[in-house]
Amino acid sequence: MSRVKIRWTRLLSKSSFRNIIISLLTIALLAFVFLFGAGAITYLAVRGRTVAVPNVVGKSREAAREVFDEAGLRMDVKSEAYNEKTPAGVVTDQTPSAGTIVKTGQIVRVGLSRGAAPAGQNAQK
């Protein structure tokens with residue numbers, strides 16, 4: 001029994017207790033630095049570069065895709081509709097609108113004209 005008492009006494013001595021506290025504080029500090037660094041790197045990676053959305057209304061599908069590629073944006077066709085005033089394959093609208101600030105890699109959705117409606121069909125706006 002006296003051996004157990006001596007071991008506990010050594011473990012709880014001032015120098016041992018101080019070493020344990022220093023070790024725990026060091027571990028806590030390292031964990032904080034790691035988490036802060038990981039958070040900062042994630043924030044900077046996700047944030048990315050920003051660009052203004054270029055205006056592609058009135059351009060052909062291919063020309064619009066080229067403009068968006070140069071700006072670091074992606075294009076998706078959201079709709080195609082008949083339009084009496086616009087030739088087939090030309091962009092009639094875009095979302096987000098021109099001048100909007102977005103992150104690179106974002107998708108810009110465009111509406112394309114199908115040209116004049118065939119005889120007997122009404123053109124959609």
# chains A, B, ... in the order shown; residues from 1 in each chain; ligands from 1
$ select_by_dssp --residues "chain A" --states "helix (DSSP H, G or I)" --output "PDB file with N, CA and C atoms, in the first residue's frame"
ATOM      1  N   SER A   2       1.985   1.198   0.671  1.00  0.00           N
ATOM      2  CA  SER A   2       2.837   2.372   0.753  1.00  0.00           C
ATOM      3  C   SER A   2       3.466   2.681  -0.604  1.00  0.00           C
ATOM      4  N   ARG A   3       3.711   1.655  -1.433  1.00  0.00           N
ATOM      5  CA  ARG A   3       4.266   1.895  -2.769  1.00  0.00           C
ATOM      6  C   ARG A   3       3.271   2.675  -3.641  1.00  0.00           C
ATOM      7  N   VAL A   4       2.002   2.315  -3.580  1.00  0.00           N
ATOM      8  CA  VAL A   4       0.974   3.011  -4.340  1.00  0.00           C
ATOM      9  C   VAL A   4       0.879   4.453  -3.879  1.00  0.00           C
ATOM     10  N   LYS A   5       0.961   4.672  -2.609  1.00  0.00           N
ATOM     11  CA  LYS A   5       0.888   6.008  -2.066  1.00  0.00           C
ATOM     12  C   LYS A   5       2.075   6.844  -2.534  1.00  0.00           C
ATOM     13  N   ILE A   6       3.245   6.247  -2.609  1.00  0.00           N
ATOM     14  CA  ILE A   6       4.449   6.957  -3.053  1.00  0.00           C
ATOM     15  C   ILE A   6       4.318   7.314  -4.534  1.00  0.00           C
ATOM     16  N   ARG A   7       3.803   6.411  -5.374  1.00  0.00           N
ATOM     17  CA  ARG A   7       3.635   6.688  -6.812  1.00  0.00           C
ATOM     18  C   ARG A   7       2.670   7.853  -7.028  1.00  0.00           C
ATOM     19  N   TRP A   8       1.557   7.850  -6.327  1.00  0.00           N
ATOM     20  CA  TRP A   8       0.592   8.944  -6.464  1.00  0.00           C
ATOM     21  C   TRP A   8       1.197  10.256  -5.989  1.00  0.00           C
ATOM     22  N   THR A   9       1.985  10.176  -4.977  1.00  0.00           N
ATOM     23  CA  THR A   9       2.632  11.378  -4.469  1.00  0.00           C
ATOM     24  C   THR A   9       3.587  11.936  -5.509  1.00  0.00           C
ATOM     25  N   ARG A  10       4.355  11.068  -6.177  1.00  0.00           N
ATOM     26  CA  ARG A  10       5.265  11.516  -7.223  1.00  0.00           C
ATOM     27  C   ARG A  10       4.485  12.096  -8.405  1.00  0.00           C
ATOM     28  N   LEU A  11       3.409  11.420  -8.772  1.00  0.00           N
ATOM     29  CA  LEU A  11       2.612  11.868  -9.913  1.00  0.00           C
ATOM     30  C   LEU A  11       2.016  13.241  -9.646  1.00  0.00           C
ATOM     31  N   LYS A  14       4.557  18.813  -7.523  1.00  0.00           N
ATOM     32  CA  LYS A  14       4.431  20.078  -8.230  1.00  0.00           C
ATOM     33  C   LYS A  14       5.079  20.046  -9.608  1.00  0.00           C
ATOM     34  N   SER A  15       6.226  19.479  -9.745  1.00  0.00           N
ATOM     35  CA  SER A  15       6.916  19.471 -11.040  1.00  0.00           C
ATOM     36  C   SER A  15       6.187  18.568 -12.036  1.00  0.00           C
ATOM     37  N   SER A  16       5.680  17.443 -11.608  1.00  0.00           N
ATOM     38  CA  SER A  16       4.950  16.547 -12.500  1.00  0.00           C
ATOM     39  C   SER A  16       3.640  17.190 -12.942  1.00  0.00           C
ATOM     40  N   PHE A  17       2.949  17.802 -12.000  1.00  0.00           N
ATOM     41  CA  PHE A  17       1.687  18.463 -12.311  1.00  0.00           C
ATOM     42  C   PHE A  17       1.933  19.601 -13.306  1.00  0.00           C
ATOM     43  N   ARG A  18       2.997  20.342 -13.090  1.00  0.00           N
ATOM     44  CA  ARG A  18       3.342  21.439 -13.995  1.00  0.00           C
ATOM     45  C   ARG A  18       3.650  20.911 -15.392  1.00  0.00           C
ATOM     46  N   ASN A  19       4.362  19.813 -15.493  1.00  0.00           N
ATOM     47  CA  ASN A  19       4.677  19.218 -16.799  1.00  0.00           C
ATOM     48  C   ASN A  19       3.414  18.749 -17.528  1.00  0.00           C
ATOM     49  N   ILE A  20       2.479  18.218 -16.791  1.00  0.00           N
ATOM     50  CA  ILE A  20       1.223  17.775 -17.398  1.00  0.00           C
ATOM     51  C   ILE A  20       0.450  18.974 -17.938  1.00  0.00           C
ATOM     52  N   ILE A  21       0.375  20.032 -17.163  1.00  0.00           N
ATOM     53  CA  ILE A  21      -0.333  21.241 -17.598  1.00  0.00           C
ATOM     54  C   ILE A  21       0.336  21.835 -18.829  1.00  0.00           C
ATOM     55  N   ILE A  22       1.652  21.912 -18.828  1.00  0.00           N
ATOM     56  CA  ILE A  22       2.388  22.451 -19.986  1.00  0.00           C
ATOM     57  C   ILE A  22       2.131  21.589 -21.223  1.00  0.00           C
ATOM     58  N   SER A  23       2.127  20.284 -21.061  1.00  0.00           N
ATOM     59  CA  SER A  23       1.863  19.380 -22.188  1.00  0.00           C
ATOM     60  C   SER A  23       0.457  19.579 -22.745  1.00  0.00           C
ATOM     61  N   LEU A  24      -0.520  19.694 -21.869  1.00  0.00           N
ATOM     62  CA  LEU A  24      -1.895  19.890 -22.318  1.00  0.00           C
ATOM     63  C   LEU A  24      -2.058  21.238 -23.022  1.00  0.00           C
ATOM     64  N   LEU A  25      -1.440  22.287 -22.493  1.00  0.00           N
ATOM     65  CA  LEU A  25      -1.508  23.594 -23.141  1.00  0.00           C
ATOM     66  C   LEU A  25      -0.826  23.577 -24.511  1.00  0.00           C
ATOM     67  N   THR A  26       0.278  22.864 -24.615  1.00  0.00           N
ATOM     68  CA  THR A  26       0.978  22.749 -25.898  1.00  0.00           C
ATOM     69  C   THR A  26       0.104  22.030 -26.921  1.00  0.00           C
ATOM     70  N   ILE A  27      -0.540  20.973 -26.503  1.00  0.00           N
ATOM     71  CA  ILE A  27      -1.431  20.235 -27.404  1.00  0.00           C
ATOM     72  C   ILE A  27      -2.605  21.118 -27.827  1.00  0.00           C
ATOM     73  N   ALA A  28      -3.168  21.855 -26.888  1.00  0.00           N
ATOM     74  CA  ALA A  28      -4.295  22.750 -27.215  1.00  0.00           C
ATOM     75  C   ALA A  28      -3.852  23.843 -28.188  1.00  0.00           C
ATOM     76  N   LEU A  29      -2.666  24.406 -27.983  1.00  0.00           N
ATOM     77  CA  LEU A  29      -2.149  25.437 -28.873  1.00  0.00           C
ATOM     78  C   LEU A  29      -1.913  24.878 -30.277  1.00  0.00           C
ATOM     79  N   LEU A  30      -1.329  23.716 -30.379  1.00  0.00           N
ATOM     80  CA  LEU A  30      -1.094  23.094 -31.690  1.00  0.00           C
ATOM     81  C   LEU A  30      -2.415  22.793 -32.404  1.00  0.00           C
ATOM     82  N   ALA A  31      -3.413  22.323 -31.662  1.00  0.00           N
ATOM     83  CA  ALA A  31      -4.717  22.045 -32.263  1.00  0.00           C
ATOM     84  C   ALA A  31      -5.353  23.336 -32.769  1.00  0.00           C
ATOM     85  N   PHE A  32      -5.250  24.415 -31.993  1.00  0.00           N
ATOM     86  CA  PHE A  32      -5.799  25.703 -32.416  1.00  0.00           C
ATOM     87  C   PHE A  32      -5.105  26.197 -33.684  1.00  0.00           C
ATOM     88  N   VAL A  33      -3.788  26.135 -33.715  1.00  0.00           N
ATOM     89  CA  VAL A  33      -3.039  26.592 -34.891  1.00  0.00           C
ATOM     90  C   VAL A  33      -3.416  25.761 -36.115  1.00  0.00           C
ATOM     91  N   PHE A  34      -3.549  24.462 -35.957  1.00  0.00           N
ATOM     92  CA  PHE A  34      -3.929  23.596 -37.066  1.00  0.00           C
ATOM     93  C   PHE A  34      -5.322  23.951 -37.578  1.00  0.00           C
ATOM     94  N   LEU A  35      -6.283  24.084 -36.683  1.00  0.00           N
ATOM     95  CA  LEU A  35      -7.654  24.385 -37.097  1.00  0.00           C
ATOM     96  C   LEU A  35      -7.761  25.771 -37.718  1.00  0.00           C
ATOM     97  N   PHE A  36      -7.056  26.748 -37.168  1.00  0.00           N
ATOM     98  CA  PHE A  36      -7.075  28.092 -37.738  1.00  0.00           C
ATOM     99  C   PHE A  36      -6.462  28.084 -39.139  1.00  0.00           C
ATOM    100  N   GLY A  37      -5.343  27.406 -39.303  1.00  0.00           N
ATOM    101  CA  GLY A  37      -4.698  27.315 -40.612  1.00  0.00           C
ATOM    102  C   GLY A  37      -5.570  26.600 -41.633  1.00  0.00           C
ATOM    103  N   ALA A  38      -6.195  25.509 -41.226  1.00  0.00           N
ATOM    104  CA  ALA A  38      -7.073  24.775 -42.130  1.00  0.00           C
ATOM    105  C   ALA A  38      -8.272  25.630 -42.529  1.00  0.00           C
ATOM    106  N   GLY A  39      -8.821  26.369 -41.580  1.00  0.00           N
ATOM    107  CA  GLY A  39      -9.947  27.251 -41.884  1.00  0.00           C
ATOM    108  C   GLY A  39      -9.558  28.361 -42.837  1.00  0.00           C
ATOM    109  N   ALA A  40      -8.392  28.951 -42.632  1.00  0.00           N
ATOM    110  CA  ALA A  40      -7.927  30.034 -43.504  1.00  0.00           C
ATOM    111  C   ALA A  40      -7.681  29.523 -44.918  1.00  0.00           C
ATOM    112  N   ILE A  41      -7.067  28.374 -45.044  1.00  0.00           N
ATOM    113  CA  ILE A  41      -6.802  27.801 -46.370  1.00  0.00           C
ATOM    114  C   ILE A  41      -8.112  27.471 -47.075  1.00  0.00           C
ATOM    115  N   THR A  42      -9.055  26.892 -46.365  1.00  0.00           N
ATOM    116  CA  THR A  42     -10.353  26.566 -46.950  1.00  0.00           C
ATOM    117  C   THR A  42     -11.073  27.831 -47.407  1.00  0.00           C
ATOM    118  N   TYR A  43     -11.059  28.857 -46.574  1.00  0.00           N
ATOM    119  CA  TYR A  43     -11.720  30.112 -46.928  1.00  0.00           C
ATOM    120  C   TYR A  43     -11.116  30.697 -48.202  1.00  0.00           C
ATOM    121  N   LEU A  44      -9.795  30.738 -48.273  1.00  0.00           N
ATOM    122  CA  LEU A  44      -9.144  31.317 -49.447  1.00  0.00           C
ATOM    123  C   LEU A  44      -9.373  30.474 -50.697  1.00  0.00           C
ATOM    124  N   ALA A  45      -9.414  29.160 -50.541  1.00  0.00           N
ATOM    125  CA  ALA A  45      -9.630  28.288 -51.702  1.00  0.00           C
ATOM    126  C   ALA A  45     -11.061  28.421 -52.223  1.00  0.00           C
ATOM    127  N   VAL A  46     -12.020  28.507 -51.340  1.00  0.00           N
ATOM    128  CA  VAL A  46     -13.417  28.594 -51.753  1.00  0.00           C
ATOM    129  C   VAL A  46     -13.743  29.982 -52.282  1.00  0.00           C
ATOM    130  N   ARG A  47     -13.137  30.982 -51.672  1.00  0.00           N
ATOM    131  CA  ARG A  47     -13.435  32.359 -52.055  1.00  0.00           C
ATOM    132  C   ARG A  47     -13.105  32.602 -53.514  1.00  0.00           C
ATOM    133  N   ARG A  61     -24.221  31.301 -79.810  1.00  0.00           N
ATOM    134  CA  ARG A  61     -23.924  30.363 -78.725  1.00  0.00           C
ATOM    135  C   ARG A  61     -22.418  30.165 -78.595  1.00  0.00           C
ATOM    136  N   GLU A  62     -21.736  29.950 -79.717  1.00  0.00           N
ATOM    137  CA  GLU A  62     -20.301  29.689 -79.700  1.00  0.00           C
ATOM    138  C   GLU A  62     -19.521  30.909 -79.211  1.00  0.00           C
ATOM    139  N   ALA A  63     -19.908  32.094 -79.695  1.00  0.00           N
ATOM    140  CA  ALA A  63     -19.221  33.320 -79.269  1.00  0.00           C
ATOM    141  C   ALA A  63     -19.433  33.563 -77.776  1.00  0.00           C
ATOM    142  N   ALA A  64     -20.648  33.306 -77.288  1.00  0.00           N
ATOM    143  CA  ALA A  64     -20.937  33.490 -75.868  1.00  0.00           C
ATOM    144  C   ALA A  64     -20.102  32.537 -75.027  1.00  0.00           C
ATOM    145  N   ARG A  65     -20.015  31.275 -75.448  1.00  0.00           N
ATOM    146  CA  ARG A  65     -19.223  30.288 -74.703  1.00  0.00           C
ATOM    147  C   ARG A  65     -17.760  30.719 -74.657  1.00  0.00           C
ATOM    148  N   GLU A  66     -17.253  31.241 -75.765  1.00  0.00           N
ATOM    149  CA  GLU A  66     -15.865  31.699 -75.827  1.00  0.00           C
ATOM    150  C   GLU A  66     -15.628  32.872 -74.867  1.00  0.00           C
ATOM    151  N   VAL A  67     -16.556  33.820 -74.836  1.00  0.00           N
ATOM    152  CA  VAL A  67     -16.436  34.977 -73.932  1.00  0.00           C
ATOM    153  C   VAL A  67     -16.438  34.504 -72.479  1.00  0.00           C
ATOM    154  N   PHE A  68     -17.340  33.591 -72.139  1.00  0.00           N
ATOM    155  CA  PHE A  68     -17.399  33.090 -70.767  1.00  0.00           C
ATOM    156  C   PHE A  68     -16.151  32.296 -70.407  1.00  0.00           C
ATOM    157  N   ASP A  69     -15.634  31.500 -71.339  1.00  0.00           N
ATOM    158  CA  ASP A  69     -14.401  30.757 -71.082  1.00  0.00           C
ATOM    159  C   ASP A  69     -13.249  31.702 -70.765  1.00  0.00           C
ATOM    160  N   GLU A  70     -13.139  32.777 -71.513  1.00  0.00           N
ATOM    161  CA  GLU A  70     -12.073  33.748 -71.272  1.00  0.00           C
ATOM    162  C   GLU A  70     -12.210  34.424 -69.912  1.00  0.00           C
ATOM    163  N   ALA A  71     -13.443  34.586 -69.445  1.00  0.00           N
ATOM    164  CA  ALA A  71     -13.696  35.218 -68.145  1.00  0.00           C
ATOM    165  C   ALA A  71     -13.594  34.220 -66.995  1.00  0.00           C
TER     166      ALA A  71
END
$ select_by_dssp --residues "region 7-84 of chain A" --states "strand (DSSP E or B)" --output "PyMOL selection string"
chain A and resi 50-52+60+74-81
$ closest_atom_pairs --of "region 36-73 of chain A" --to "region 92-112 of chain A" --cutoff "7 Å" --atoms "only C-alpha atoms" --output "Markdown table"
| residue | atom | partner | partner_atom | distance |
| --- | --- | --- | --- | --- |
| A:Gly48 | CA | A:Lys103 | CA | 6.2 |
| A:Arg49 | CA | A:Lys103 | CA | 5.7 |
| A:Thr50 | CA | A:Lys103 | CA | 4.2 |
| A:Val51 | CA | A:Ile101 | CA | 5.5 |
| A:Ala52 | CA | A:Ile101 | CA | 4.4 |
| A:Val53 | CA | A:Ala98 | CA | 5.0 |
| A:Pro54 | CA | A:Ala98 | CA | 5.2 |
| A:Asn55 | CA | A:Ala98 | CA | 4.7 |
| A:Val57 | CA | A:Thr92 | CA | 5.4 |
| A:Gly58 | CA | A:Thr92 | CA | 6.2 |
| A:Gly72 | CA | A:Thr104 | CA | 5.2 |
| A:Leu73 | CA | A:Gly105 | CA | 4.8 |
